[in-house]
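One file, target-v4.txt, carrying compact mmCIF, C-alpha atoms:
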```txt
# COMPACT_ATOMS: atom_id res chain seq x y z
CA MET A 15 84.22 127.72 90.55
CA THR A 16 82.32 124.98 92.35
CA ASN A 17 80.07 122.77 90.25
CA MET A 18 76.71 123.15 92.01
CA ALA A 19 75.32 120.07 90.26
CA LEU A 20 77.54 118.02 92.59
CA PHE A 21 75.45 119.29 95.49
CA ALA A 22 72.04 118.29 94.13
CA GLU A 23 70.07 116.93 97.10
CA GLN A 24 69.26 113.58 95.48
CA GLN A 25 72.89 112.98 94.47
CA VAL A 26 74.29 113.91 97.88
CA ARG A 27 71.67 111.74 99.60
CA ALA A 28 72.46 108.78 97.33
CA ASP A 29 76.22 109.14 97.80
CA LEU A 30 75.91 109.45 101.58
CA ALA A 31 73.55 106.46 101.64
CA ARG A 32 76.20 104.40 99.78
CA LEU A 33 78.82 105.33 102.38
CA LEU A 34 76.54 104.61 105.33
CA LEU A 35 75.34 101.33 103.83
CA ALA A 36 78.92 100.21 103.18
CA ALA A 37 79.85 101.07 106.79
CA VAL A 38 76.86 99.19 108.20
CA GLU A 39 77.52 96.13 106.03
CA ALA A 40 81.25 96.11 106.82
CA SER A 41 80.54 96.30 110.54
CA GLY A 42 79.12 92.78 110.71
CA ARG A 43 76.53 94.06 113.18
CA ALA A 44 72.77 93.70 112.94
CA ARG A 45 71.03 96.82 111.65
CA CYS A 46 68.72 96.91 114.67
CA ASP A 47 71.78 97.08 116.95
CA ILE A 48 73.29 99.88 114.88
CA ALA A 49 69.97 101.75 114.92
CA ARG A 50 69.77 101.43 118.71
CA ASP A 51 73.37 102.59 119.23
CA ALA A 52 72.92 105.44 116.72
CA GLN A 53 69.71 106.46 118.49
CA ILE A 54 67.68 106.30 115.30
CA HIS A 55 64.52 104.31 114.63
CA LYS A 56 65.24 101.12 112.68
CA ASP A 57 62.80 102.13 109.92
CA ALA A 58 64.46 105.54 109.63
CA LEU A 59 67.83 103.77 109.36
CA ARG A 60 66.47 101.53 106.61
CA ARG A 61 65.22 104.58 104.68
CA VAL A 62 68.54 106.43 105.15
CA LEU A 63 70.52 103.43 103.91
CA ALA A 64 68.19 103.09 100.90
CA GLY A 65 68.65 106.78 100.07
CA GLU A 66 64.95 107.48 100.60
CA ARG A 67 65.58 109.82 103.53
CA SER A 68 68.39 112.29 104.18
CA ALA A 69 70.41 111.68 107.30
CA SER A 70 71.14 114.69 109.48
CA LEU A 71 74.78 115.40 110.23
CA GLY A 72 74.38 113.98 113.73
CA GLU A 73 72.64 110.86 112.45
CA ALA A 74 75.36 110.22 109.86
CA LEU A 75 78.09 110.58 112.50
CA ARG A 76 76.23 108.27 114.92
CA ILE A 77 75.58 105.64 112.23
CA LEU A 78 79.26 105.65 111.27
CA ALA A 79 80.35 105.44 114.92
CA ALA A 80 77.87 102.62 115.62
CA SER A 81 79.31 100.82 112.60
CA GLY A 82 82.76 100.92 114.18
CA VAL A 83 84.45 103.34 111.78
CA ALA A 84 86.12 106.70 112.38
CA PRO A 85 83.06 108.92 111.91
CA HIS A 86 84.69 112.31 111.40
CA ALA A 87 87.30 110.97 108.99
CA HIS A 88 84.77 109.25 106.79
CA LEU A 89 82.40 112.18 106.72
CA LEU A 90 85.28 114.55 105.98
CA LEU A 91 86.53 112.25 103.22
CA PHE A 92 83.00 112.14 101.85
CA LEU A 93 82.84 115.94 101.80
CA VAL A 94 86.31 116.78 100.45
CA SER A 95 87.13 113.82 98.28
CA SER A 96 84.57 111.37 97.14
CA GLY A 97 82.30 108.76 98.58
CA ASP A 98 84.59 106.22 96.94
CA HIS A 99 87.59 107.21 99.10
CA ALA A 100 85.48 107.12 102.22
CA ILE A 101 84.20 103.63 101.32
CA GLU A 102 87.64 102.29 100.29
CA TRP A 103 89.15 103.41 103.59
CA LEU A 104 86.41 101.92 105.81
CA GLN A 105 87.79 100.23 108.92
CA SER A 106 91.40 100.88 107.97
CA ASP A 107 94.37 102.29 109.83
CA LEU A 108 94.53 104.95 107.13
CA ALA A 109 91.03 106.15 108.09
CA GLN A 110 92.00 106.31 111.77
CA PHE A 111 95.18 108.19 110.79
CA PHE A 112 93.08 110.63 108.75
CA GLU A 113 90.67 111.09 111.67
CA ASP A 114 93.50 111.91 114.08
CA PHE A 115 95.41 113.97 111.50
CA SER A 116 92.46 116.11 110.46
CA GLY A 117 91.43 116.63 114.08
CA GLU A 118 94.92 117.73 115.10
CA LEU A 119 95.72 119.85 112.01
CA PRO A 120 93.92 123.12 112.92
CA SER A 121 95.58 123.47 116.33
CA ALA A 122 98.94 122.28 114.94
CA LEU A 123 98.79 124.95 112.24
CA GLU A 124 98.01 127.65 114.81
CA ARG A 125 100.71 126.42 117.19
CA VAL A 126 103.48 126.07 114.59
CA LEU A 127 102.62 129.02 112.35
CA GLY A 128 101.66 131.45 115.09
CA ASN A 129 101.13 134.89 113.52
CA GLN A 130 101.99 133.46 110.09
CA VAL A 131 98.72 131.52 110.03
CA HIS A 132 97.13 134.51 108.27
CA ASP A 133 99.81 134.45 105.56
CA VAL A 134 98.84 131.00 104.27
CA LYS A 135 97.67 131.06 100.64
CA PRO A 136 95.04 128.67 99.25
CA ARG A 137 97.22 127.95 96.21
CA TRP A 138 99.75 126.21 98.50
CA ALA A 139 97.28 123.51 99.56
CA LYS A 140 97.94 120.97 96.80
CA GLY A 141 101.73 121.19 97.07
CA THR A 142 101.55 121.03 100.86
CA ALA A 143 99.34 117.92 100.70
CA HIS A 144 101.87 116.21 98.41
CA ARG A 145 104.73 117.29 100.67
CA VAL A 146 103.01 115.87 103.75
CA ALA A 147 102.37 112.60 101.89
CA ARG A 148 106.06 112.40 100.87
CA LEU A 149 107.13 113.17 104.44
CA LEU A 150 104.88 110.38 105.71
CA SER A 151 106.23 107.98 103.07
CA ASP A 152 109.80 108.81 104.06
CA HIS A 153 108.89 108.26 107.71
CA ILE A 154 107.41 104.82 106.93
CA ASP A 155 110.52 103.89 104.91
CA GLU A 156 112.75 104.97 107.80
CA LEU A 157 110.74 102.90 110.29
CA GLU A 158 110.93 99.85 108.00
CA ARG A 159 114.72 100.26 107.73
CA LYS A 160 115.02 100.51 111.51
CA ASP A 161 112.82 97.43 111.96
CA ALA A 162 114.96 95.48 109.48
CA LEU A 163 118.15 96.64 111.23
CA LEU A 164 116.80 95.69 114.65
CA GLY A 165 115.68 92.33 113.24
CA ASP A 166 119.22 91.71 111.92
CA ILE A 167 120.74 92.69 115.26
CA PHE A 168 118.29 90.48 117.15
CA THR A 169 118.94 87.53 114.82
CA GLY A 170 122.70 88.00 115.18
CA SER A 171 122.54 88.16 118.96
CA GLU A 172 120.41 85.00 119.12
CA GLY A 173 123.01 83.17 117.06
CA ASP A 174 125.76 84.29 119.46
CA HIS A 175 123.89 83.00 122.51
CA ARG A 176 123.10 79.63 120.97
CA GLY A 177 126.56 78.97 119.61
```

What is this structure when it is put down as structure tokens?
Amino acid sequence: MTNMALFAEQQVRADLARLLLAAVEASGRARCDIARDAQIHKDALRRVLAGERSASLGEALRILAASGVAPHAHLLLFLVSSGDHAIEWLQSDLAQFFEDFSGELPSALERVLGNQVHDVKPRWAKGTAHRVARLLSDHIDELERKDALLGDIFTGSEGDHRG
């Protein structure tokens, strides 16, 4: 059962304000420039970042985009995880990976599963998430091994040409 206290308007507003403020501050851009690019009045932006005003979904996405972060990934992280994850991953390759991954996942599931898409059980989600993370870790390890092997081959071939 979902804990409804987590969705109290003041708490959600404060948590979202923390994420948006962190994105704005990490951007290195002037707030007036972010407000202009996000198509929001600078005073409204100030109130959103202070948690005095709730940002609409569109405003939050535009503020994140104007701050130079992956807007959908950070908002999705904010919704499904915690504001802390969304803040920790600001302006990282991991956030961009999550943006692309989460955007591609629905169509990939439909394409790969076909008619089996309706057989998916919610209880499989946690195990599947861990399996995907392990698969990604194995892929990174394999790429690092290939890079090291290519580096050794390149170093060896340079030695042969100089000798």

| message | List as an NGL selection string the protein and nucleic acid residues near region 100-115 of chain A, meaning an atom at most 12 Å away when all atoms listed in the file are counted, but skip any in the same chain fewer than 6 places from it. | response | :A and (29-42 or 78-79 or 81-94 or 121-123 or 146-147 or 150)

One decimal place gives the CA of Trp138 (chain A)-CA of Gly117 (chain A) separation as 20.1 Å

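In this model, the gap between CA of Arg45 (chain A) and CA of Gln24 (chain A) comes to 23.4 Å.
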
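The closest residue to Arg67 (chain A), picked from A:Asp155, A:Asp47, A:Asp133, A:Glu23 and counting all atoms listed in the file, is A:Glu23.
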
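Counting from CA of Ala52 (chain A), the distance to CA of Ala64 (chain A) is 16.7 Å.
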